[in-house]
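Worksheet: one structure, shown below.
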2 protein chains.
Amino acid sequence: MQVLEQKINEIKFTWPLGFYSDAVHSGLKADKKDLGWLYSEVPAKAAGVYTTNQFQAAPIKLTKQTINHAHMLQAMIINSANANSCTGQQGELDAQTMQQLAAQQLHLEPAMVGVASTGIIGQLLPMTKVTAGISMLKLANSADIISAIQTTDQHEKKISVQVSLNDGQSIIITGFAKGSGMIHPNMATMLGFVTTDADIDGIDLQQLLSGQVDDTFNQITVDGDTSTNDMVIALANGKSNVQVVPETAEFTIFAQAFKQVLSTLAKGIASDGEGATKLVEVNVTSAESHLAAQQVAKAIVGSNLVKAAIFGADANWGRIMGAIGQTDAKIDPTNVMIMINGVAIVKQSQGIEYDHFAMQQALEQSFITIDVDVHAGTSSGQAWGCDLTYNYVKINAAYHS
Amino acid sequence: MQVLEQKINEIKFTWPLGFYSDAVHSGLKADKKDLGWLYSEVPAKAAGVYTTNQFQAAPIKLTKQTINHAHMLQAMIINSANANSCTGQQGELDAQTMQQLAAQQLHLEPAMVGVASTGIIGQLLPMTKVTAGISMLKLANSADIISAIQTTDQHEKKISVQVSLNDGQSIIITGFAKGSGMIHPNMATMLGFVTTDADIDGIDLQQLLSGQVDDTFNQITVDGDTSTNDMVIALANGKSNVQVVPETAEFTIFAQAFKQVLSTLAKGIASDGEGATKLVEVNVTSAESHLAAQQVAKAIVGSNLVKAAIFGADANWGRIMGAIGQTDAKIDPTNVMIMINGVAIVKQSQGIEYDHFAMQQALEQSFITIDVDVHAGTSSGQAWGCDLTYNYVKINAAYHS
């Protein structure tokens with residue numbers, strides 16, 4: 001394992017070979033960039049994971065259909081400040097227009113362009129602004145798209161890793177994401193994009209993405225709400241000339257690096273939850289199955305009462321027990337163990353003595369871990385979230401539709 | 001229907017014939033009453049519904065076992081400020097001691113006494129205080145138990161109704177409840193007690209209670225958290241000498257009055273949600289099934305984003321759509337209708353023009369209704385909740401364990 005781990009390095013943010021990006025201010029936001037694209041100089045294998053919300057926004061439907069057509073894309077056009085969701089037939093036409101305009105400007109077939117939107121639900125896109133915005137986009141090497149797709153985000157979520165292989169070849173994987181509210185299982189108001197110059201089969205890319213999203217993006221929660229717009233898209237253009245084929249050492253390390261990218265973005269979103277001051281990581285062990293462990297971890301990190309206690313730096317393990325017990329995951333109700341930031345506070349389902357002052361100090365840090373052993377099996381799982389603060393309420397009560 | 005409705009009258013709070021109650025300050029709370037009992041001068045038929053949390057507090061286990069033994073009780077002993085939950089074997093012994101002490105003082109078999117506790121999780125009951133407290137309880141006609149069992153509640157939840165039958169006979173049904181946080185499906189930090197002098201079979205009482213709790217207490221949510229302690233207990237002592245037998249007109253009106261009691265208490269809890277300023281009622285119609293309608297209603301009323309928007313008096317229907325779409329209830333995604341306080345804002349799943357000023361005025365009231373038509377069938381369902389406010393966060397971040 002040591003040898004493999006040495007081959008993945010996080011590097012300064014950069015686009016993989018053959019990828020370009022630009023962003024502009026089109027007027028959707030008052031004064032910030034709000035529209036951008038990603039472009040690959042050659043067609044890229046494409047994979048996507050989409051919101052499970054029954055109302056799927058127009059760009060979700062269009063991109064899903066486009067990717068499913070040939071599992072290829074050469075560009076993504078993305079806007080913020082308007083989700084183009086619950087906008088009926090006109091919304092679908094507007095998403096198609098975005099696709100066509102971007103394709104035209106890039107000299108591509110529309111079927112090679114995906115569309116993503118995020119922002120307010122239920123308003124038609126101001127297409128005059130969008131049209132003018134798209135016409136201003138260039139083939140640049142800019143990273144401005146990362147901030148351009150943000151809504152209530154406070155921090156940029158981005159990462160580049162380099163995978164160096166034994167034969168001197170290397171692959172770059174670069175990801176970025178937005179999202180800070182309406183985040184929960186199964187793709188919430190969240191957009192994630194992963195680009196790589198690896199040469200990987202489209203089906204393999206889809207399997208990798210789907211599997212890893214379940215353990216990363218789908219295991220974060222900010223407020224338990226799932227949005228109509230969210231998607232994670234992966235593009236692999238092969239420009240590194242490094243082939244990545246399942247069941248090889250290269251694939252193993254590529255998958256590991258890919259997961260590092262997804263996991264970094266997912267945690268970045270959780271820690272940037274609306275109003276959040278702390279990132280919370282829950283690790284559940286000795287569960288009956290991986291799914292059961294994930295369910296318990298998600299229940300803890302999703303509990304408003306636990307989240308408010310963490311904001312208040314209070315080791316309120318009773319609320320953690322309450323959250324665990326609400327799931328139907330198999331647990332041993334007489335033998336649950338809980339540690340907060342490495343300090344055991346519950347053994348055999350009962351509170352034990354601990355250093356209250358040290359615990360409070362620990363809970364005032366910005367990274368909180370909760371480890372839970374449910375004594376029901378051998379599987380483990382994780383989830384990430386944030387504390388529930390006055391600012392969450394402020395942001396969401398004041399954000400007027 | 002008119003004739004039947006005239007027979008149920010809400011009356012000034014009173015105990016039904018043969019019921020007594022008292023409460024004292026035992027020292028569990030700093031300076032308020034915190035311990036009380038309910039007593040029936042004859043054995044009463046008893047029914048109970050209990051939390052579904054996998055961690056069931058000691059008093060839950062004991063009361064369930066006691067009631068299941070013969071479906072009879074003659075008294076309930078109840079304390080607040082300490083939940084006797086996650087307290088292991090000592091906790092079970094303490095619950096039994098409470099049962100025995102109350103039984104002794106009332107000259108009953110312990111098997112005729114139920115025990116309920118609410119408050120902080122994970123601390124042993126200070127039994128010296130509890131013991132002294134129980135010894136001070138009298139056979140009084142006091143209603144102090146209602147406030148004595150409260151924790152963070154702001155208002156008393158209580159109701160008495162009188163059912164007058166055609167032959168001049170009458171029945172009283174009196175209920176009271178506590179609960180304001182950790183409230184969600186399936187019995188959250190919530191205690192509810194219903195007493196009646198009707199003469200009803202124990203099995204019929206259990207069926208009535210279980211069925212109606214699903215439509216009332218289990219359809220309220222404050223924060224999505226379910227506690228380890230909650231229960232609704234019904235006691236019927238027959239002292240009115242009015243027999244209530246299924247499939248008679250008397251049963252129908254009794255059931256209707258019983259539901260009025262449960263529903264009033266449940267709404268009282270929802271509107272008294274921690275930090276709440278508004279009671280929110282969601283009515284879902286044209287659903288595939290009653291369960292599907294309840295699921296959609298609960299999803300809306302449980303969404304932090306919807307709750308924060310209501311606090312901000314913002315008719316953010318996109319968040320309502322988001323909550324609906326998160327369920328797996330069958331809906332027609334192209335044909336959902338939403339009204340807020342009687343004003344239509346969404347038709348055919350798209351926003352329509354409405355008077356924003358009037359809507360905001362409406363949303364500043366303390367009672368908000370959200371009506372949703374999902375065009376998928378003929379069933380309906382309801383749920384109740386409250387807004388998400390700064391004070392919710394304050395109460396739950398500051399409440400130290």
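Residues in the structure tokens are named by chain (A, B, ... in the order shown) and by number from 1 within that chain; ligands are numbered from 1 in the order shown.
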
**Asked** Could you list, as a VMD selection string, every residue of chain A that has an atom within 8 Å of an atom of chain B, counting only C-alpha atoms?
**Response** chain A and resid 52 to 55 86 to 88 120 to 123 182 223 to 228 303 to 305 308 to 316 318 to 319 321 to 328 333 to 334 349 to 351 388 to 390 393 to 394 396 to 401

**Request:** May I have all residues of stretch 166-270 of chain A that DSSP, computed from the backbone, assigns to alpha helix (DSSP H), given as a PyMOL selection string?
**Result:** chain A and resi 202-215+249-270

Let me see the file: selected residues, C-alpha atoms, as a JSON list (two decimals), in the first residue's frame.
```json
[["chain", "number", "residue", "atom", "x", "y", "z"],
["A", 202, "GLY", "CA", -17.13, 5.24, -20.48],
["A", 203, "ILE", "CA", -18.83, 2.35, -18.71],
["A", 204, "ASP", "CA", -15.93, 1.96, -16.30],
["A", 205, "LEU", "CA", -16.00, 5.69, -15.61],
["A", 206, "GLN", "CA", -19.73, 5.52, -14.89],
["A", 207, "GLN", "CA", -19.33, 2.58, -12.53],
["A", 208, "LEU", "CA", -16.48, 4.24, -10.71],
["A", 209, "LEU", "CA", -18.40, 7.50, -10.36],
["A", 210, "SER", "CA", -21.66, 5.91, -9.25],
["A", 211, "GLY", "CA", -20.00, 3.69, -6.68],
["A", 212, "GLN", "CA", -17.83, 6.42, -5.22],
["A", 213, "VAL", "CA", -20.57, 9.04, -5.14],
["A", 214, "ASP", "CA", -22.49, 6.71, -2.83],
["A", 215, "ASP", "CA", -19.64, 6.86, -0.34],
["A", 249, "ALA", "CA", -2.65, -1.80, -10.68],
["A", 250, "GLU", "CA", -3.19, 1.41, -12.67],
["A", 251, "PHE", "CA", -6.93, 1.18, -12.20],
["A", 252, "THR", "CA", -6.59, 0.64, -8.48],
["A", 253, "ILE", "CA", -4.49, 3.72, -7.99],
["A", 254, "PHE", "CA", -6.61, 5.76, -10.38],
["A", 255, "ALA", "CA", -9.74, 4.77, -8.44],
["A", 256, "GLN", "CA", -8.02, 5.72, -5.21],
["A", 257, "ALA", "CA", -7.09, 9.15, -6.56],
["A", 258, "PHE", "CA", -10.55, 9.62, -8.03],
["A", 259, "LYS", "CA", -12.06, 8.90, -4.63],
["A", 260, "GLN", "CA", -9.69, 11.37, -2.99],
["A", 261, "VAL", "CA", -11.03, 14.03, -5.36],
["A", 262, "LEU", "CA", -14.70, 13.19, -4.72],
["A", 263, "SER", "CA", -14.18, 12.87, -1.00],
["A", 264, "THR", "CA", -12.32, 16.19, -0.73],
["A", 265, "LEU", "CA", -15.08, 17.97, -2.64],
["A", 266, "ALA", "CA", -17.82, 16.31, -0.58],
["A", 267, "LYS", "CA", -16.19, 17.23, 2.72],
["A", 268, "GLY", "CA", -15.62, 20.72, 1.38],
["A", 269, "ILE", "CA", -19.33, 21.05, 0.74],
["A", 270, "ALA", "CA", -20.24, 19.69, 4.18]]
```

**Message:** Which residues are near stretch 14-29 of chain B? Cut-off 9 Å, only C-alpha atoms, ignore same chain within fewer than 3 positions. Put them as a count of residues only.
**Reply:** 53

**Message:** Let's see if you can do this: from backbone DSSP, list all strand (DSSP E or B) residues in stretch 148-347 of chain B, as a VMD selection string.
**Reply:** chain B and resid 157 to 164 170 to 178 191 to 196 199 to 200 220 231 to 236 243 to 244 279 to 287 337 to 340 343 to 347

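Relative to atom CA of A:Ala234, atom CA of A:Gln219 is found at 18.5 Å.
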
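Each of B:Ala376, B:Met231, B:Ile370, B:Val343 was checked against B:Phe357 using only C-alpha atoms; the smallest atom-to-atom distance is that of B:Val343.
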
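Of the listed residues (A:Val113, A:Ala236, A:Ala383, A:Ile200), A:Ala383 comes nearest to A:His290; the distances count only C-alpha atoms.
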